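> Following this line is protein13.cif, made up of mmCIF, C-alpha atoms and all ligand atoms:
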```cif
data_entry
loop_
_atom_site.label_atom_id
_atom_site.label_comp_id
_atom_site.auth_asym_id
_atom_site.auth_seq_id
_atom_site.Cartn_x
_atom_site.Cartn_y
_atom_site.Cartn_z
CA MET A 1 63.85 0.12 5.45
CA LYS A 2 62.27 -2.29 2.99
CA PHE A 3 60.62 -4.21 5.82
CA LYS A 4 59.35 -1.02 7.39
CA ASN A 5 57.58 -0.05 4.10
CA LEU A 6 56.10 -3.49 3.75
CA GLY A 7 54.64 -3.14 7.22
CA VAL A 8 52.99 0.16 6.31
CA VAL A 9 51.54 -1.35 3.11
CA ALA A 10 50.18 -4.32 5.04
CA LEU A 11 48.58 -2.03 7.61
CA LEU A 12 47.00 0.10 4.86
CA MET A 13 45.61 -2.98 3.16
CA MET A 14 44.14 -4.26 6.41
CA ALA A 15 42.48 -0.87 7.02
CA LEU A 16 41.06 -0.92 3.49
CA VAL A 17 39.56 -4.38 3.96
CA ALA A 18 38.08 -3.30 7.32
CA CYS A 19 36.48 -0.23 5.72
CA GLN A 20 34.84 -2.19 2.93
CA LYS A 21 31.30 -2.93 4.04
CA GLU A 22 29.55 -6.11 3.09
CA PRO A 23 28.18 -5.73 -0.45
CA ALA A 24 24.42 -5.09 -0.54
CA LYS A 25 22.36 -8.14 -1.45
CA PRO A 26 20.39 -8.13 -4.70
CA ILE A 27 16.64 -7.64 -4.87
CA VAL A 28 15.25 -9.97 -7.52
CA SER A 29 11.60 -9.27 -8.24
CA GLY A 30 9.35 -12.22 -8.99
CA GLU A 31 11.59 -14.79 -7.29
CA ILE A 32 11.22 -16.59 -3.94
CA TRP A 33 12.34 -14.22 -1.15
CA PRO A 34 13.66 -16.36 1.72
CA ASP A 35 13.36 -15.07 5.30
CA ASN A 36 15.80 -15.84 8.15
CA GLU A 37 14.44 -19.41 8.24
CA GLY A 38 14.79 -19.92 4.50
CA VAL A 39 11.02 -19.71 3.95
CA HIS A 40 9.44 -17.40 1.31
CA VAL A 41 8.26 -14.18 3.00
CA ASN A 42 4.51 -14.40 3.61
CA ALA A 43 3.46 -10.73 3.74
CA HIS A 44 1.32 -9.97 0.71
CA GLY A 45 -0.51 -6.75 -0.17
CA GLY A 46 1.75 -5.23 2.44
CA GLY A 47 3.71 -2.15 3.36
CA VAL A 48 6.90 -1.24 5.21
CA LEU A 49 7.29 0.94 8.30
CA TYR A 50 10.68 2.35 9.31
CA HIS A 51 11.00 2.86 13.04
CA ASN A 52 14.11 3.48 15.18
CA GLY A 53 16.57 2.03 12.68
CA THR A 54 14.55 -1.06 11.79
CA TYR A 55 12.22 -1.78 8.88
CA TYR A 56 9.01 -3.68 9.55
CA TRP A 57 7.26 -5.38 6.64
CA TYR A 58 3.59 -6.10 7.34
CA GLY A 59 1.36 -8.06 4.98
CA GLU A 60 -1.34 -10.65 4.52
CA HIS A 61 -0.48 -14.21 5.47
CA LYS A 62 -1.57 -16.36 2.52
CA SER A 63 -2.20 -20.11 2.60
CA GLU A 64 -1.72 -22.97 0.13
CA LYS A 65 -5.27 -23.10 -1.16
CA THR A 66 -7.26 -20.06 -0.06
CA SER A 67 -6.82 -16.32 -0.02
CA SER A 68 -9.08 -16.03 3.03
CA ALA A 69 -7.34 -15.20 6.30
CA LEU A 70 -6.43 -18.37 8.22
CA VAL A 71 -3.62 -16.76 10.24
CA GLY A 72 -3.73 -12.95 10.10
CA VAL A 73 -1.23 -10.17 9.49
CA MET A 74 2.45 -11.13 9.40
CA CYS A 75 5.42 -8.97 10.33
CA TYR A 76 9.06 -9.30 9.29
CA SER A 77 11.90 -7.07 10.53
CA SER A 78 15.12 -6.02 8.81
CA LYS A 79 18.02 -3.60 9.13
CA ASN A 80 18.85 -3.53 5.43
CA LEU A 81 15.60 -4.23 3.51
CA THR A 82 16.95 -7.53 2.16
CA ASP A 83 17.43 -9.84 5.17
CA TRP A 84 14.05 -10.38 6.86
CA LYS A 85 13.41 -11.96 10.24
CA ASN A 86 10.01 -13.55 10.71
CA GLU A 87 8.33 -11.84 13.70
CA GLY A 88 5.21 -13.99 13.34
CA ALA A 89 1.54 -13.08 13.11
CA VAL A 90 1.10 -9.72 14.83
CA LEU A 91 -2.67 -9.49 14.34
CA LYS A 92 -4.20 -12.93 14.61
CA VAL A 93 -7.59 -14.01 13.32
CA VAL A 94 -9.66 -15.65 16.08
CA ASP A 95 -11.97 -18.63 16.45
CA ASP A 96 -14.91 -16.66 17.85
CA GLU A 97 -17.62 -16.73 15.15
CA ASN A 98 -19.00 -13.46 16.55
CA SER A 99 -15.77 -11.59 15.90
CA ASP A 100 -15.35 -9.53 12.72
CA ILE A 101 -11.90 -11.09 12.31
CA VAL A 102 -12.93 -14.72 12.68
CA ARG A 103 -10.71 -17.23 10.86
CA GLY A 104 -11.93 -17.42 7.25
CA CYS A 105 -12.71 -13.73 6.89
CA VAL A 106 -10.95 -11.73 4.16
CA LEU A 107 -8.26 -9.51 5.66
CA GLU A 108 -6.26 -7.66 3.02
CA ARG A 109 -3.70 -4.93 2.41
CA PRO A 110 -2.75 -4.17 6.05
CA LYS A 111 -0.61 -1.06 6.63
CA VAL A 112 0.96 0.14 9.89
CA ILE A 113 1.89 3.69 10.89
CA TYR A 114 3.47 5.03 14.07
CA ASN A 115 1.75 7.80 16.02
CA GLU A 116 4.35 10.17 17.52
CA LYS A 117 1.80 11.69 19.92
CA THR A 118 0.46 8.47 21.45
CA GLY A 119 3.52 6.26 20.92
CA LYS A 120 1.23 3.59 19.46
CA PHE A 121 1.48 1.56 16.26
CA VAL A 122 -1.77 1.72 14.32
CA MET A 123 -2.81 -0.83 11.70
CA TRP A 124 -5.62 -0.37 9.18
CA PHE A 125 -6.72 -3.08 6.77
CA HIS A 126 -9.48 -4.08 4.37
CA LEU A 127 -11.94 -6.48 5.98
CA GLU A 128 -14.64 -8.65 4.47
CA LEU A 129 -16.87 -10.57 6.84
CA LYS A 130 -16.62 -14.36 6.68
CA GLY A 131 -18.94 -15.99 4.15
CA LYS A 132 -20.11 -12.70 2.67
CA GLY A 133 -17.82 -12.47 -0.36
CA TYR A 134 -16.65 -8.90 -0.88
CA SER A 135 -19.95 -7.26 0.09
CA ALA A 136 -19.06 -5.88 3.53
CA ALA A 137 -16.32 -3.53 2.15
CA ARG A 138 -15.12 -2.48 5.60
CA ALA A 139 -12.02 -0.87 7.05
CA GLY A 140 -10.58 -2.49 10.17
CA VAL A 141 -8.27 -0.93 12.75
CA ALA A 142 -5.96 -2.43 15.36
CA VAL A 143 -3.38 -0.97 17.75
CA SER A 144 -0.18 -2.06 19.48
CA ASP A 145 2.48 -0.69 21.83
CA SER A 146 5.18 -2.45 19.86
CA PRO A 147 5.90 -2.72 16.12
CA THR A 148 6.04 -6.49 16.47
CA GLY A 149 2.64 -6.66 18.14
CA PRO A 150 0.49 -8.10 19.44
CA PHE A 151 -2.01 -5.79 17.72
CA GLU A 152 -5.36 -5.50 19.43
CA PHE A 153 -8.33 -5.40 17.08
CA ILE A 154 -10.53 -2.37 17.80
CA ARG A 155 -13.37 -2.36 15.26
CA SER A 156 -14.34 -2.55 11.61
CA GLY A 157 -16.91 -0.71 9.57
CA ARG A 158 -17.79 1.44 6.62
CA VAL A 159 -16.20 4.89 6.60
CA ASN A 160 -17.43 8.41 7.34
CA PRO A 161 -21.20 7.78 7.70
CA GLY A 162 -23.30 10.91 7.12
CA LYS A 163 -20.35 12.89 5.73
CA THR A 164 -20.09 14.38 2.26
CA PRO A 165 -16.78 14.85 0.42
CA VAL A 166 -14.93 18.16 0.75
CA ASN A 167 -14.46 18.35 -3.00
CA MET A 168 -18.19 18.44 -3.76
CA ASP A 169 -19.54 21.98 -3.48
CA GLU A 170 -23.16 22.89 -2.81
CA ALA A 171 -24.13 22.68 -6.48
CA ALA A 172 -22.47 19.25 -6.78
CA LEU A 173 -24.22 18.06 -3.61
CA ALA A 174 -27.57 19.27 -4.95
CA ALA A 175 -26.90 17.46 -8.27
CA MET A 176 -26.06 14.29 -6.30
CA ASP A 177 -29.21 14.64 -4.27
CA SER A 178 -31.34 14.64 -7.40
CA LEU A 179 -29.99 11.22 -8.49
CA ASN A 180 -32.09 8.12 -7.84
CA LEU A 181 -30.73 4.57 -7.74
CA GLU A 182 -33.91 3.20 -9.36
CA ASP A 183 -33.13 5.18 -12.51
CA TYR A 184 -29.83 3.36 -12.97
CA LYS A 185 -30.62 -0.34 -12.70
CA GLU A 186 -28.33 -1.18 -15.61
CA TRP A 187 -24.64 -0.82 -14.80
CA TRP A 188 -21.79 0.26 -17.11
CA THR A 189 -23.92 2.43 -19.45
CA PRO A 190 -22.62 5.94 -20.27
CA GLU A 191 -25.49 7.46 -18.20
CA TRP A 192 -24.65 5.21 -15.26
CA TYR A 193 -20.96 6.27 -15.41
CA LYS A 194 -22.07 9.91 -15.43
CA ALA A 195 -24.27 9.30 -12.40
CA ILE A 196 -21.44 7.53 -10.55
CA ASP A 197 -19.22 10.51 -11.28
CA LYS A 198 -21.89 12.78 -9.81
CA GLY A 199 -22.09 10.69 -6.64
CA LEU A 200 -24.84 8.09 -7.18
CA PHE A 201 -23.07 5.64 -4.82
CA VAL A 202 -21.91 8.35 -2.38
CA LYS A 203 -25.59 9.09 -1.86
CA ARG A 204 -26.48 5.38 -1.71
CA ASP A 205 -23.92 4.83 1.09
CA LEU A 206 -24.22 8.18 2.84
CA GLU A 207 -26.14 6.90 5.84
CA GLY A 208 -24.19 3.71 6.54
CA GLY A 209 -20.77 5.00 5.51
CA GLN A 210 -18.70 4.67 2.35
CA MET A 211 -17.35 1.32 1.16
CA SER A 212 -13.68 0.64 1.83
CA ARG A 213 -11.61 -2.03 0.05
CA ASP A 214 -8.03 -1.82 -1.33
CA MET A 215 -6.17 0.68 0.82
CA THR A 216 -3.02 2.36 1.99
CA LEU A 217 -2.02 4.80 4.74
CA TYR A 218 0.07 7.91 4.46
CA VAL A 219 1.58 10.10 7.20
CA ASP A 220 2.31 13.61 5.96
CA ASP A 221 5.17 15.86 7.09
CA ASP A 222 2.86 17.62 9.57
CA GLY A 223 1.99 14.31 11.26
CA LYS A 224 -1.52 14.13 9.81
CA ALA A 225 -2.40 10.69 8.54
CA TYR A 226 -4.63 9.70 5.64
CA HIS A 227 -6.49 6.51 4.79
CA ILE A 228 -6.73 6.11 1.03
CA PHE A 229 -9.10 3.41 -0.22
CA SER A 230 -11.21 2.13 -3.10
CA SER A 231 -14.81 3.10 -2.45
CA GLU A 232 -18.13 3.17 -4.31
CA ASP A 233 -17.82 -0.47 -5.52
CA ASN A 234 -14.16 0.21 -6.41
CA LEU A 235 -15.18 2.98 -8.80
CA THR A 236 -13.79 5.94 -6.85
CA LEU A 237 -10.90 6.42 -4.44
CA ASN A 238 -11.45 8.20 -1.13
CA ILE A 239 -8.70 10.12 0.61
CA ALA A 240 -9.83 10.37 4.22
CA GLU A 241 -8.14 12.23 7.06
CA LEU A 242 -7.54 10.26 10.27
CA SER A 243 -7.98 11.63 13.79
CA ASP A 244 -4.94 12.77 15.79
CA ASP A 245 -4.59 9.30 17.35
CA TYR A 246 -5.01 7.68 13.88
CA LEU A 247 -7.74 5.41 15.29
CA SER A 248 -10.76 6.93 13.55
CA HIS A 249 -11.76 9.17 10.64
CA THR A 250 -12.35 12.89 11.11
CA GLY A 251 -15.11 13.07 8.50
CA LYS A 252 -12.95 15.12 6.14
CA TYR A 253 -12.45 13.29 2.85
CA ALA A 254 -12.09 13.86 -0.86
CA ARG A 255 -13.19 11.71 -3.78
CA MET A 256 -10.46 11.02 -6.30
CA ALA A 257 -10.89 9.94 -9.94
CA PRO A 258 -14.66 9.34 -9.60
CA ALA A 259 -15.86 6.46 -11.80
CA GLY A 260 -12.19 5.87 -12.72
CA HIS A 261 -12.04 2.32 -11.30
CA ASN A 262 -8.80 2.48 -9.33
CA GLU A 263 -7.50 -0.09 -6.85
CA ALA A 264 -4.24 -0.83 -5.04
CA PRO A 265 -3.30 2.78 -4.15
CA ALA A 266 0.33 3.54 -3.25
CA ILE A 267 1.50 7.09 -2.54
CA PHE A 268 4.62 9.16 -1.94
CA LYS A 269 5.59 12.80 -1.82
CA LYS A 270 8.60 14.46 -3.41
CA ASP A 271 9.40 18.17 -3.57
CA GLY A 272 5.96 19.08 -2.24
CA LYS A 273 4.09 16.98 -4.82
CA TYR A 274 2.05 13.87 -4.05
CA TRP A 275 2.28 10.98 -6.51
CA MET A 276 -0.14 8.09 -6.44
CA ILE A 277 0.23 4.86 -8.38
CA THR A 278 -2.82 2.61 -8.65
CA SER A 279 -4.08 -0.32 -10.71
CA GLY A 280 -7.26 -0.90 -12.64
CA CYS A 281 -9.82 -3.41 -11.36
CA THR A 282 -9.23 -6.90 -12.75
CA GLY A 283 -9.12 -8.93 -9.52
CA TRP A 284 -5.95 -11.00 -9.13
CA ALA A 285 -5.05 -10.54 -12.82
CA PRO A 286 -2.54 -7.77 -13.55
CA ASN A 287 -3.41 -4.69 -15.57
CA GLU A 288 -1.80 -1.40 -16.58
CA ALA A 289 -0.73 0.87 -13.70
CA ARG A 290 -2.04 4.41 -13.47
CA MET A 291 -0.41 7.48 -11.95
CA HIS A 292 -1.83 10.73 -10.58
CA SER A 293 -0.24 13.79 -8.97
CA ALA A 294 -1.43 16.66 -6.77
CA THR A 295 0.02 19.50 -4.72
CA ASP A 296 -2.73 19.11 -2.09
CA ILE A 297 -3.51 15.60 -0.89
CA MET A 298 -7.23 16.44 -1.08
CA GLY A 299 -6.76 17.26 -4.77
CA PRO A 300 -7.33 18.19 -7.48
CA TRP A 301 -5.39 15.24 -8.91
CA THR A 302 -3.95 15.18 -12.42
CA LYS A 303 -3.68 11.96 -14.40
CA HIS A 304 -0.36 10.94 -15.98
CA PRO A 305 0.53 8.09 -18.33
CA ASN A 306 1.45 4.60 -17.09
CA PRO A 307 4.70 5.01 -15.08
CA CYS A 308 6.05 1.52 -15.92
CA VAL A 309 8.91 1.07 -18.40
CA GLY A 310 10.34 -2.15 -19.83
CA PRO A 311 9.08 -5.64 -20.64
CA ASN A 312 5.48 -6.29 -19.57
CA LYS A 313 5.07 -2.59 -18.73
CA ASP A 314 1.39 -2.66 -19.76
CA LEU A 315 0.69 -5.26 -17.08
CA THR A 316 2.74 -3.64 -14.29
CA PHE A 317 5.36 -6.39 -14.89
CA GLY A 318 2.71 -8.95 -13.92
CA GLY A 319 2.01 -7.31 -10.54
CA GLN A 320 -0.31 -4.92 -8.73
CA SER A 321 0.89 -1.98 -6.65
CA THR A 322 0.78 -2.19 -2.86
CA TYR A 323 3.13 0.39 -1.33
CA ILE A 324 5.81 2.98 -1.98
CA LEU A 325 8.56 3.17 0.63
CA LYS A 326 10.63 6.28 1.17
CA VAL A 327 14.08 4.98 2.07
CA PRO A 328 15.38 7.11 4.95
CA GLY A 329 18.86 8.57 4.83
CA LYS A 330 19.10 8.46 1.03
CA LYS A 331 18.18 11.34 -1.24
CA ASP A 332 15.01 10.93 -3.30
CA ALA A 333 15.03 7.18 -2.70
CA PHE A 334 11.65 5.50 -3.11
CA ILE A 335 10.83 1.84 -3.68
CA PHE A 336 7.77 0.79 -5.66
CA MET A 337 6.32 -2.43 -4.23
CA ALA A 338 3.81 -4.70 -5.95
CA ASP A 339 2.38 -8.21 -5.67
CA ILE A 340 2.39 -10.89 -8.33
CA TRP A 341 -0.70 -12.79 -7.21
CA ARG A 342 -1.04 -16.56 -7.54
CA PRO A 343 -4.76 -17.08 -6.82
CA LYS A 344 -4.51 -20.88 -7.31
CA HIS A 345 -1.57 -21.13 -4.91
CA PRO A 346 -1.84 -17.93 -2.86
CA ILE A 347 1.15 -18.60 -0.57
CA ASP A 348 3.39 -18.61 -3.65
CA ALA A 349 2.53 -15.01 -4.62
CA ARG A 350 5.70 -13.06 -5.43
CA TYR A 351 6.96 -9.54 -4.82
CA ILE A 352 8.12 -6.80 -7.14
CA TRP A 353 10.39 -4.16 -5.60
CA LEU A 354 11.84 -1.58 -7.97
CA PRO A 355 13.44 1.83 -7.41
CA ILE A 356 11.45 4.84 -8.57
CA GLN A 357 13.32 7.00 -11.08
CA PHE A 358 12.60 10.55 -12.17
CA GLN A 359 12.54 12.21 -15.57
CA GLU A 360 14.19 15.61 -15.93
CA ASP A 361 10.84 17.35 -15.33
CA GLY A 362 10.41 15.39 -12.09
CA THR A 363 7.84 12.87 -13.37
CA PRO A 364 8.41 9.47 -11.74
CA PHE A 365 8.79 6.21 -13.63
CA VAL A 366 9.40 2.62 -12.65
CA GLU A 367 11.73 0.66 -14.89
CA TRP A 368 12.00 -3.11 -14.70
CA MET A 369 15.33 -4.40 -13.40
CA ASP A 370 16.10 -8.13 -13.25
CA SER A 371 18.21 -7.48 -10.18
CA TRP A 372 19.39 -4.42 -8.23
CA THR A 373 20.79 -3.51 -4.83
CA MET A 374 20.17 -0.68 -2.35
CA ASP A 375 23.53 0.75 -3.49
CA TRP A 376 21.72 1.76 -6.69
CA PHE A 377 20.36 4.78 -4.81
CA ASP A 378 23.90 5.99 -4.00
CA GLN A 379 25.15 5.48 -7.55
CA LYS A 380 22.31 7.06 -9.53
C1 LIG B 1 -7.79 -7.31 -6.25
C2 LIG B 1 -7.38 -6.56 -5.02
C3 LIG B 1 -6.85 -7.56 -4.02
C4 LIG B 1 -7.96 -8.56 -3.74
C5 LIG B 1 -8.45 -9.18 -5.05
C6 LIG B 1 -9.62 -10.12 -4.83
O1 LIG B 1 -8.24 -6.46 -7.24
O2 LIG B 1 -6.40 -5.62 -5.32
O3 LIG B 1 -6.42 -6.92 -2.85
O4 LIG B 1 -9.03 -7.91 -3.11
O5 LIG B 1 -8.83 -8.18 -5.95
O6 LIG B 1 -10.12 -10.58 -6.08
#
```
Would you encode the structure as structure tokens?


Amino acid sequence: MKFKNLGVVALLMMALVACQKEPAKPIVSGEIWPDNEGVHVNAHGGGVLYHNGTYYWYGEHKSEKTSSALVGVMCYSSKNLTDWKNEGAVLKVVDDENSDIVRGCVLERPKVIYNEKTGKFVMWFHLELKGKGYSAARAGVAVSDSPTGPFEFIRSGRVNPGKTPVNMDEAALAAMDSLNLEDYKEWWTPEWYKAIDKGLFVKRDLEGGQMSRDMTLYVDDDGKAYHIFSSEDNLTLNIAELSDDYLSHTGKYARMAPAGHNEAPAIFKKDGKYWMITSGCTGWAPNEARMHSATDIMGPWTKHPNPCVGPNKDLTFGGQSTYILKVPGKKDAFIFMADIWRPKHPIDARYIWLPIQFQEDGTPFVEWMDSWTMDWFDQK
């Protein structure tokens, strides 16, 4: 009898051990994040795509001494968001001096989305032509049949030439039309800000297309995709609709926070409301994050206070936003991702990943955590 009971207990204990899954690994923002080869993940200014049970982290490859692109866009894959396998450079810069993506160009903030209709993976990124500083302000696009590439470069250019924003009515367009660049030679004056707000640079760039720098992509519930980028010399964000195949712009776009100087846009949607977190414009140096919300992606957008909470909250914990990932299969689970840049040693730039939390009224906030695991979403 005794022995029989012992057997049952042993069996129960074995079943318990078998049921216990491996504990989730911690995410420690700001530290080295080793990949499957023990090397710090090299995917900066990036974003994460979830496809068929696997996460793909795309980002800029950064080198020891320069932030210019010497390799291209890297991809890492993972099943759990903590263990990352290096899939290599999926969009490679080339050695052809006539190519827009020649080695030594600036290729930043790549994002990849999957198109259900075409079955293709589409990458957009910020491109600056080699040797031209940040003056080109172009958007580049590449496509692949597989999430791990190779991505084929299609083209780069300014955005939506000849098109005016949907959130400027006839009166606003007429007011813009009456502005003249020559009247605003001095920048940063109150009059100049007013003119920017009214579209001084939209008019300046109307013919050749709007400038496009820091950027993200967003696929809405209806499958429509949007390219969100810093335009007008980083003074105004554009939210631009992409074509059904995600490979071009439809010409429909809205200006957001004109003259507000926003960069590094990251967006998510919860309960029918869009939330966008951005940074100010201080180059590689961190600044205070901003947050906006809207019920229509084309606006109007409402400004909220800085969403960061905790030490160094006024400098986004030392980082700059890059992406917000909706974690599938978990309720209201979103991860805020940011980069801690190291301009003197670019390859050593670090990552901040923190869960997004919500106040009782639904307003998001991002609280610093020294360490957390994906289980946090199940326990909250
Ligand atoms: C930052 C921007 C980065 C990079 C950098 C260059 O403001 O977010 O992506 O362009 O400027 O100075």

> Excluding region 336-347 of chain A and its own-chain neighbours fewer than 4 positions away, which residues fall within 7 Å of it when counting only C-alpha atoms? Please give them as a VMD selection string.

chain A and resid 42 44 to 45 62 to 67 284 318 to 325 351 to 356

> Which residue, A:Leu200, A:Ala294, A:Ala259, A:Leu235, has the smallest gap to Trp275 (chain A) when you use all atoms listed in the file?

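Checking each candidate against Trp275 (chain A), we get A:Ala294 as the closest.
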
> Using 6 Å as the limit and counting all atoms listed in the file, can you tabulate each residue of chain A that touches ligand LIG 1 (chain B), with its shortest atom-to-atom distance in Å and the two atoms involved, as CSV?


```
residue,atom,partner,partner_atom,distance
A:Glu108,CA,B:LIG1,O3,5.9
A:Asp214,CA,B:LIG1,O3,5.6
A:Glu263,CA,B:LIG1,O2,5.8
A:Ala264,CA,B:LIG1,O2,5.3
A:Cys281,CA,B:LIG1,O1,5.4
A:Thr282,CA,B:LIG1,O1,5.6
A:Gly283,CA,B:LIG1,O1,3.5
A:Trp284,CA,B:LIG1,C1,5.0
```

> Give the answer as one residue: which of A:Glu288, A:Asp145, A:Asp169, A:Asp83 has the shortest atom-to-atom distance to Val309 (chain A), using all atoms listed in the file?

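That would be A:Glu288, the residue with the smallest distance to Val309 (chain A).
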
> Do you have the CA of Ala254 (chain A)-CA of Ser212 (chain A) distance handy?

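According to the coordinates, CA of Ala254 (chain A) and CA of Ser212 (chain A) are separated by 13.6 Å.
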
> Can you work out which one of A:Glu191, A:Thr54, A:Gly131, A:Pro150 has the shortest atom-to-atom distance to Lys92 (chain A), counting all atoms listed in the file?

A:Pro150

> Find the distance between CA of Ser99 (chain A) and CA of Gly133 (chain A) and write it in Å to one decimal.

16.4 Å

> To one decimal in Å, tell me the separation between CA of Tyr56 (chain A) and CA of Ser243 (chain A).

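Interatomic distance here is 23.3 Å.
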
> Show me, as a ChimeraX atom specification, the residues that have an atom within 7 Å of region 217-233 of chain A when counting all atoms listed in the file, minus same-chain residues fewer than 6 positions from it.

/A:111,201-202,210-211,239-242,246,262-263

> What's around Arg109 (chain A) at 7 Å? Count all atoms listed in the file, leave out sequence neighbours fewer than 3 positions away in its own chain, and write the answer as an MDAnalysis selection string.

chainID A and resid 45:46 59:60 125:126 214:215

> Of the residues A:Asn312, A:Asp177, A:Phe268, A:His261, which is the one nearest to Gly280 (chain A), using all atoms listed in the file?

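Distance minimum relative to Gly280 (chain A) lands on A:His261.
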
> Pick the closest to Asp205 (chain A) from A:Leu237, A:Lys120, A:Asp245, A:Arg158: which is it, counting only C-alpha atoms?

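Closest to Asp205 (chain A) of all the choices is A:Arg158.
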